[in-house]
There are 2 protein chains.
Amino acid sequence: MKIDPTTITIKEVGPRDGLQNEAVFIPTADKIAWVNQLSHSGLSYIEVTSFVHPKWIPALADAVEVMSGIERVPGVTYAALVPNVKGLERALAAQVDEVSVFMSASETHNMKNINKTRQDTYPILAETAKAALAAGKTVRGYVSTVFGCPYEGAVPVEDVIRVTDALLEMGVQEVSLGDTIGVAHPRQVQEVLEVLLRRFPAERLAMHFHDTRGMAIANVLVSLEMGMTTFDSSLGGLGGCPYALGASGNLATDDLLYLLDGLGMQTGVDGEKLREAARLIQEKMGRPLMSHSMQACQGQEG
Amino acid sequence: MKIDPTTITIKEVGPRDGLQNEAVFIPTADKIAWVNQLSHSGLSYIEVTSFVHPKWIPALADAVEVMSGIERVPGVTYAALVPNVKGLERALAAQVDEVSVFMSASETHNMKNINKTRQDTYPILAETAKAALAAGKTVRGYVSTVFGCPYEGAVPVEDVIRVTDALLEMGVQEVSLGDTIGVAHPRQVQEVLEVLLRRFPAERLAMHFHDTRGMAIANVLVSLEMGMTTFDSSLGGLGGCPYALGASGNLATDDLLYLLDGLGMQTGVDGEKLREAARLIQEKMGRPLMSHSMQACQGQEG
């Protein structure tokens, strides 16, 4: 393992990717209080909410109110997911800093999630990116199902390249590669990144792992070794499957920080303040968060 | 990451290290049925029970009955924990194949766990090992708190060397290095193994990780890269802290297998048969097992 200490950017997606997958609706004031606490933990990037129509994501129906209501801490980028120009208008009105567009590497997942073919999705995202850039905002692109699709299984890396190419051509400054169903394993991450990094510079890519099969931290380790420096994560592992007790969804920010701190990485994040923020949202959720660090207990023998 | 496909030995410790940390008593017949199922999954090593006095581990009070009652599949080593010659006598009477002795790298943990100083523990283990070897059995040694002690914090690697040296001198053929409280992170594993592998050959050492902070799989990855080939794990992550919902204890065999299969390692273990065995003990436990693979759920977006 050759990983030299360097600066790593953690992009906190809990308020969006976490909460959108939770069954409970967190009151707007609580969401705002939580994001404000995250803003003071040293994180430099928070994905605050989603401007997808509330019909699809009722948990984030208060996107405008949350984005408008949060404190803006200098040095922190406040981002939001937007599906199209209509969503973008609301996001811009609410003073978003950066918008994220999204689509899938696999055709079937894209159809199920966006109700369009990949080919038909491009113009919608391009139009959205163009308008965001015209408004002086930066644009991020999510690619889902990079390491596997729940409907198609294996996803050819050529499809990931094609979608990433298209997003970068639209003016997206960073593409986040999502292991949507948490099937990626370290060897696969190594092989996929070997191909992608021949074509794209590491600083245009971010990794978005889910811990469904317990591989997320090991996948981060391999990504770090290959020169990746930006990782998405969700505080407390928020966004785990709401139907299965203890199931893991997003890589937990607190677990990620344990790894990065151990490696001597610079993240700027204050672990204690992060844990305070985790305890706040845990209390609001009314159930234990499922990250390892929130669950850690003492003194097992072995 | 340079990890070439090779043969890896998984040592299944669930029936001992898993069950001893669970609050529920699994009936003897169910334990036997479970071990028999594990025997047919392709595992080559099963730690079946513990001959520590039932006063200390009531969950394994039926050690003699279990060890005597299981089917012996050729090629599988059936091991058990023994604290002293008295425990050894019972283990030998029950036809154990290999015995494991144990102590801690840190003085305070050794005192709390064994009620003796490390110095006073050596002769007891030496006597036990000698008698086991005389009876034609092989001996394994567990070292606890290798990467951290719940009472003392950091543990000097010199202490790990001293205990490992002592165990090998007693005739122990393999020393299992335990991250008892699950604090080890990949950098630490790398640093500790760099020191230990200068003194001990990799084939005399095994790694025993706990997933308390979500690092176990990443720690295995680093260990593999450094040439380690033997890993302890517990099916379904059995042995999680019984007091905290969802807390992780032992590295789960099923999660470990997901990593190793992805890396192209030869383990001989049949994943489907392993899952069948996990479902059996899950049913007997009356609660969901906490391993990622037993908890995995479908289709989170991201």
# chains A, B, ... in the order shown; residues from 1 in each chain; ligands from 1

$ residues_around --residues "Leu205 in chain B" --least-positions-apart "5" --cutoff "6 Å" --atoms "only C-alpha atoms" --output "ChimeraX atom specification"
/B:174-176

$ residues_around --residues "Phe200 in chain B" --least-positions-apart "3" --cutoff "10 Å" --atoms "only C-alpha atoms" --output "PyMOL selection string"
chain B and resi 161+164-165+168+175+193+195-197+203-205

$ atom_distance --atom1 "CA of Val172 in chain A" --atom2 "CA of Arg16 in chain A"
19.4 Å

$ residues_around --residues "Ala59 in chain A" --least-positions-apart "3" --cutoff "12 Å" --atoms "only C-alpha atoms" --output "PDB file with N, CA and C atoms, in the first residue's frame"
ATOM      1  N   PRO A  15     -27.546  15.144   3.752  1.00  0.00           N
ATOM      2  CA  PRO A  15     -28.814  15.876   3.709  1.00  0.00           C
ATOM      3  C   PRO A  15     -29.632  15.599   2.436  1.00  0.00           C
ATOM      4  N   ARG A  16     -28.962  15.205   1.371  1.00  0.00           N
ATOM      5  CA  ARG A  16     -29.680  14.857   0.139  1.00  0.00           C
ATOM      6  C   ARG A  16     -29.768  13.338  -0.037  1.00  0.00           C
ATOM      7  N   ASP A  17     -28.651  12.691  -0.322  1.00  0.00           N
ATOM      8  CA  ASP A  17     -28.677  11.270  -0.657  1.00  0.00           C
ATOM      9  C   ASP A  17     -29.059  10.435   0.554  1.00  0.00           C
ATOM     10  N   GLY A  18     -28.728  10.927   1.738  1.00  0.00           N
ATOM     11  CA  GLY A  18     -29.137  10.236   2.959  1.00  0.00           C
ATOM     12  C   GLY A  18     -30.623  10.364   3.199  1.00  0.00           C
ATOM     13  N   LEU A  19     -31.066  11.596   3.400  1.00  0.00           N
ATOM     14  CA  LEU A  19     -32.471  11.810   3.789  1.00  0.00           C
ATOM     15  C   LEU A  19     -33.463  11.365   2.718  1.00  0.00           C
ATOM     16  N   GLN A  20     -33.076  11.456   1.443  1.00  0.00           N
ATOM     17  CA  GLN A  20     -34.051  11.087   0.401  1.00  0.00           C
ATOM     18  C   GLN A  20     -34.399   9.603   0.456  1.00  0.00           C
ATOM     19  N   ASN A  21     -33.538   8.805   1.068  1.00  0.00           N
ATOM     20  CA  ASN A  21     -33.797   7.374   1.154  1.00  0.00           C
ATOM     21  C   ASN A  21     -34.354   6.946   2.507  1.00  0.00           C
ATOM     22  N   GLU A  22     -34.696   7.917   3.339  1.00  0.00           N
ATOM     23  CA  GLU A  22     -35.242   7.587   4.646  1.00  0.00           C
ATOM     24  C   GLU A  22     -36.760   7.768   4.616  1.00  0.00           C
ATOM     25  N   ALA A  23     -37.447   6.941   5.365  1.00  0.00           N
ATOM     26  CA  ALA A  23     -38.908   6.955   5.328  1.00  0.00           C
ATOM     27  C   ALA A  23     -39.494   8.156   6.080  1.00  0.00           C
ATOM     28  N   VAL A  24     -38.772   8.661   7.054  1.00  0.00           N
ATOM     29  CA  VAL A  24     -39.286   9.722   7.921  1.00  0.00           C
ATOM     30  C   VAL A  24     -39.036  11.109   7.301  1.00  0.00           C
ATOM     31  N   PHE A  25     -39.984  12.019   7.479  1.00  0.00           N
ATOM     32  CA  PHE A  25     -39.794  13.406   7.019  1.00  0.00           C
ATOM     33  C   PHE A  25     -39.219  14.215   8.170  1.00  0.00           C
ATOM     34  N   ILE A  26     -38.032  14.741   7.962  1.00  0.00           N
ATOM     35  CA  ILE A  26     -37.397  15.581   8.983  1.00  0.00           C
ATOM     36  C   ILE A  26     -37.909  17.009   8.796  1.00  0.00           C
ATOM     37  N   PRO A  27     -38.457  17.625   9.849  1.00  0.00           N
ATOM     38  CA  PRO A  27     -38.981  18.991   9.720  1.00  0.00           C
ATOM     39  C   PRO A  27     -37.920  19.958   9.176  1.00  0.00           C
ATOM     40  N   THR A  28     -38.378  20.930   8.429  1.00  0.00           N
ATOM     41  CA  THR A  28     -37.484  21.868   7.742  1.00  0.00           C
ATOM     42  C   THR A  28     -36.492  22.532   8.697  1.00  0.00           C
ATOM     43  N   LYS A  31     -33.736  20.166   9.560  1.00  0.00           N
ATOM     44  CA  LYS A  31     -32.785  20.009   8.450  1.00  0.00           C
ATOM     45  C   LYS A  31     -31.817  21.188   8.422  1.00  0.00           C
ATOM     46  N   THR A  49     -29.789  19.452  -0.575  1.00  0.00           N
ATOM     47  CA  THR A  49     -31.134  18.952  -0.853  1.00  0.00           C
ATOM     48  C   THR A  49     -31.244  18.575  -2.332  1.00  0.00           C
ATOM     49  N   SER A  50     -32.466  18.297  -2.748  1.00  0.00           N
ATOM     50  CA  SER A  50     -32.723  17.928  -4.137  1.00  0.00           C
ATOM     51  C   SER A  50     -33.914  18.700  -4.660  1.00  0.00           C
ATOM     52  N   PHE A  51     -33.798  19.200  -5.889  1.00  0.00           N
ATOM     53  CA  PHE A  51     -34.911  19.912  -6.519  1.00  0.00           C
ATOM     54  C   PHE A  51     -35.639  19.033  -7.529  1.00  0.00           C
ATOM     55  N   VAL A  52     -35.502  17.722  -7.340  1.00  0.00           N
ATOM     56  CA  VAL A  52     -36.371  16.773  -8.039  1.00  0.00           C
ATOM     57  C   VAL A  52     -37.790  17.025  -7.527  1.00  0.00           C
ATOM     58  N   HIS A  53     -38.791  16.831  -8.371  1.00  0.00           N
ATOM     59  CA  HIS A  53     -40.179  17.120  -7.970  1.00  0.00           C
ATOM     60  C   HIS A  53     -40.552  16.364  -6.684  1.00  0.00           C
ATOM     61  N   PRO A  54     -41.185  17.065  -5.730  1.00  0.00           N
ATOM     62  CA  PRO A  54     -41.538  16.455  -4.440  1.00  0.00           C
ATOM     63  C   PRO A  54     -42.391  15.188  -4.571  1.00  0.00           C
ATOM     64  N   LYS A  55     -43.079  15.061  -5.686  1.00  0.00           N
ATOM     65  CA  LYS A  55     -43.858  13.840  -5.916  1.00  0.00           C
ATOM     66  C   LYS A  55     -42.933  12.622  -5.865  1.00  0.00           C
ATOM     67  N   TRP A  56     -41.691  12.779  -6.355  1.00  0.00           N
ATOM     68  CA  TRP A  56     -40.760  11.650  -6.393  1.00  0.00           C
ATOM     69  C   TRP A  56     -39.956  11.519  -5.105  1.00  0.00           C
ATOM     70  N   ASP A  62     -39.229  20.204   0.879  1.00  0.00           N
ATOM     71  CA  ASP A  62     -38.938  21.552   1.378  1.00  0.00           C
ATOM     72  C   ASP A  62     -37.588  22.080   0.882  1.00  0.00           C
ATOM     73  N   ALA A  63     -37.187  21.667  -0.310  1.00  0.00           N
ATOM     74  CA  ALA A  63     -35.863  22.017  -0.842  1.00  0.00           C
ATOM     75  C   ALA A  63     -35.628  23.531  -0.858  1.00  0.00           C
ATOM     76  N   VAL A  66     -35.207  24.901   2.726  1.00  0.00           N
ATOM     77  CA  VAL A  66     -33.941  24.498   3.345  1.00  0.00           C
ATOM     78  C   VAL A  66     -32.783  25.271   2.724  1.00  0.00           C
ATOM     79  N   GLY A 239     -29.259   6.943   4.957  1.00  0.00           N
ATOM     80  CA  GLY A 239     -29.679   6.537   3.625  1.00  0.00           C
ATOM     81  C   GLY A 239     -29.610   5.035   3.432  1.00  0.00           C
TER      82      GLY A 239
END

$ select_by_dssp --residues "range 121-267 of chain B" --states "helix (DSSP H, G or I)" --output "VMD selection string"
chain B and resid 121 to 134 157 to 169 186 to 199 202 to 204 216 to 225 235 to 237 253 to 262

$ closest_residue --among "A:Val222, A:Met265, A:Leu92, A:Ala296" --to "Gly249 in chain B" --atoms "only C-alpha atoms"
A:Ala296

$ select_by_dssp --residues "range 88-189 of chain B" --states "strand (DSSP E or B)" --output "PyMOL selection string"
chain B and resi 98-104+138-144+149+153+174-178

$ write_last_selection --atoms "N, CA and C atoms" --output "PDB file, in the first residue's frame"
ATOM      1  N   GLU B  98      -7.170 -29.515  17.212  1.00  0.00           N
ATOM      2  CA  GLU B  98      -6.167 -28.478  17.487  1.00  0.00           C
ATOM      3  C   GLU B  98      -6.694 -27.638  18.643  1.00  0.00           C
ATOM      4  N   VAL B  99      -5.799 -27.196  19.503  1.00  0.00           N
ATOM      5  CA  VAL B  99      -6.251 -26.345  20.606  1.00  0.00           C
ATOM      6  C   VAL B  99      -5.652 -24.948  20.468  1.00  0.00           C
ATOM      7  N   SER B 100      -6.419 -23.975  20.925  1.00  0.00           N
ATOM      8  CA  SER B 100      -5.939 -22.601  20.917  1.00  0.00           C
ATOM      9  C   SER B 100      -5.765 -22.118  22.339  1.00  0.00           C
ATOM     10  N   VAL B 101      -4.573 -21.603  22.615  1.00  0.00           N
ATOM     11  CA  VAL B 101      -4.337 -20.928  23.890  1.00  0.00           C
ATOM     12  C   VAL B 101      -4.411 -19.430  23.633  1.00  0.00           C
ATOM     13  N   PHE B 102      -4.527 -18.646  24.672  1.00  0.00           N
ATOM     14  CA  PHE B 102      -4.759 -17.211  24.440  1.00  0.00           C
ATOM     15  C   PHE B 102      -4.226 -16.358  25.574  1.00  0.00           C
ATOM     16  N   MET B 103      -3.813 -15.159  25.209  1.00  0.00           N
ATOM     17  CA  MET B 103      -3.435 -14.129  26.171  1.00  0.00           C
ATOM     18  C   MET B 103      -3.441 -12.782  25.453  1.00  0.00           C
ATOM     19  N   SER B 104      -3.154 -11.728  26.194  1.00  0.00           N
ATOM     20  CA  SER B 104      -3.206 -10.393  25.612  1.00  0.00           C
ATOM     21  C   SER B 104      -1.811  -9.794  25.482  1.00  0.00           C
ATOM     22  N   THR B 138      -1.971 -30.185  17.422  1.00  0.00           N
ATOM     23  CA  THR B 138      -1.312 -28.913  17.121  1.00  0.00           C
ATOM     24  C   THR B 138      -1.898 -27.828  18.015  1.00  0.00           C
ATOM     25  N   VAL B 139      -1.140 -26.755  18.176  1.00  0.00           N
ATOM     26  CA  VAL B 139      -1.550 -25.666  19.070  1.00  0.00           C
ATOM     27  C   VAL B 139      -1.496 -24.338  18.331  1.00  0.00           C
ATOM     28  N   ARG B 140      -2.531 -23.551  18.541  1.00  0.00           N
ATOM     29  CA  ARG B 140      -2.603 -22.205  17.980  1.00  0.00           C
ATOM     30  C   ARG B 140      -2.559 -21.231  19.152  1.00  0.00           C
ATOM     31  N   GLY B 141      -2.045 -20.014  18.923  1.00  0.00           N
ATOM     32  CA  GLY B 141      -2.030 -19.010  19.980  1.00  0.00           C
ATOM     33  C   GLY B 141      -2.739 -17.736  19.550  1.00  0.00           C
ATOM     34  N   TYR B 142      -3.653 -17.280  20.389  1.00  0.00           N
ATOM     35  CA  TYR B 142      -4.294 -15.989  20.139  1.00  0.00           C
ATOM     36  C   TYR B 142      -3.595 -14.910  20.944  1.00  0.00           C
ATOM     37  N   VAL B 143      -3.283 -13.815  20.296  1.00  0.00           N
ATOM     38  CA  VAL B 143      -2.826 -12.639  21.023  1.00  0.00           C
ATOM     39  C   VAL B 143      -3.898 -11.555  20.880  1.00  0.00           C
ATOM     40  N   SER B 144      -4.471 -11.141  21.995  1.00  0.00           N
ATOM     41  CA  SER B 144      -5.483 -10.084  21.988  1.00  0.00           C
ATOM     42  C   SER B 144      -4.828  -8.708  22.088  1.00  0.00           C
ATOM     43  N   CYS B 149      -5.655  -1.402  23.189  1.00  0.00           N
ATOM     44  CA  CYS B 149      -6.210  -1.998  24.409  1.00  0.00           C
ATOM     45  C   CYS B 149      -7.300  -1.076  24.944  1.00  0.00           C
ATOM     46  N   GLY B 153      -4.977   1.847  25.792  1.00  0.00           N
ATOM     47  CA  GLY B 153      -4.850   2.572  24.524  1.00  0.00           C
ATOM     48  C   GLY B 153      -3.833   1.903  23.622  1.00  0.00           C
ATOM     49  N   GLU B 174       0.945 -21.435  14.975  1.00  0.00           N
ATOM     50  CA  GLU B 174       0.438 -20.217  14.337  1.00  0.00           C
ATOM     51  C   GLU B 174      -0.073 -19.268  15.410  1.00  0.00           C
ATOM     52  N   VAL B 175       0.286 -18.004  15.267  1.00  0.00           N
ATOM     53  CA  VAL B 175      -0.186 -16.980  16.196  1.00  0.00           C
ATOM     54  C   VAL B 175      -1.205 -16.099  15.482  1.00  0.00           C
ATOM     55  N   SER B 176      -2.378 -15.978  16.075  1.00  0.00           N
ATOM     56  CA  SER B 176      -3.438 -15.154  15.511  1.00  0.00           C
ATOM     57  C   SER B 176      -3.426 -13.794  16.199  1.00  0.00           C
ATOM     58  N   LEU B 177      -3.234 -12.748  15.398  1.00  0.00           N
ATOM     59  CA  LEU B 177      -3.089 -11.393  15.933  1.00  0.00           C
ATOM     60  C   LEU B 177      -4.453 -10.724  15.984  1.00  0.00           C
ATOM     61  N   GLY B 178      -4.951 -10.492  17.193  1.00  0.00           N
ATOM     62  CA  GLY B 178      -6.320 -10.009  17.347  1.00  0.00           C
ATOM     63  C   GLY B 178      -6.439  -8.502  17.529  1.00  0.00           C
TER      64      GLY B 178
END

$ closest_residue --among "B:Gln37, B:Pro201, B:Ala131, B:Pro5" --to "Arg279 in chain B" --atoms "only C-alpha atoms"
B:Gln37

$ closest_residue --among "B:Gly268, B:Leu257, B:Arg287, B:Val35" --to "Gly75 in chain B" --atoms "only C-alpha atoms"
B:Gly268

$ closest_residue --among "B:Asp120, B:Asp254, B:Asp30, B:Glu47" --to "Val269 in chain B" --atoms "only C-alpha atoms"
B:Asp254

$ closest_residue --among "A:Met294, A:Val192, A:Ala277, A:Leu125" --to "chain B" --atoms "only C-alpha atoms"
A:Met294

$ atom_distance --atom1 "CA of His40 in chain B" --atom2 "CA of Gly69 in chain B"
15.7 Å

$ residues_around --residues "His185 in chain A" --least-positions-apart "4" --cutoff "9 Å" --atoms "only C-alpha atoms" --output "MDAnalysis selection string"
(chainID A and resid 147 189:190 213 215:216 218:219) or (chainID B and resid 258:259 262:263)
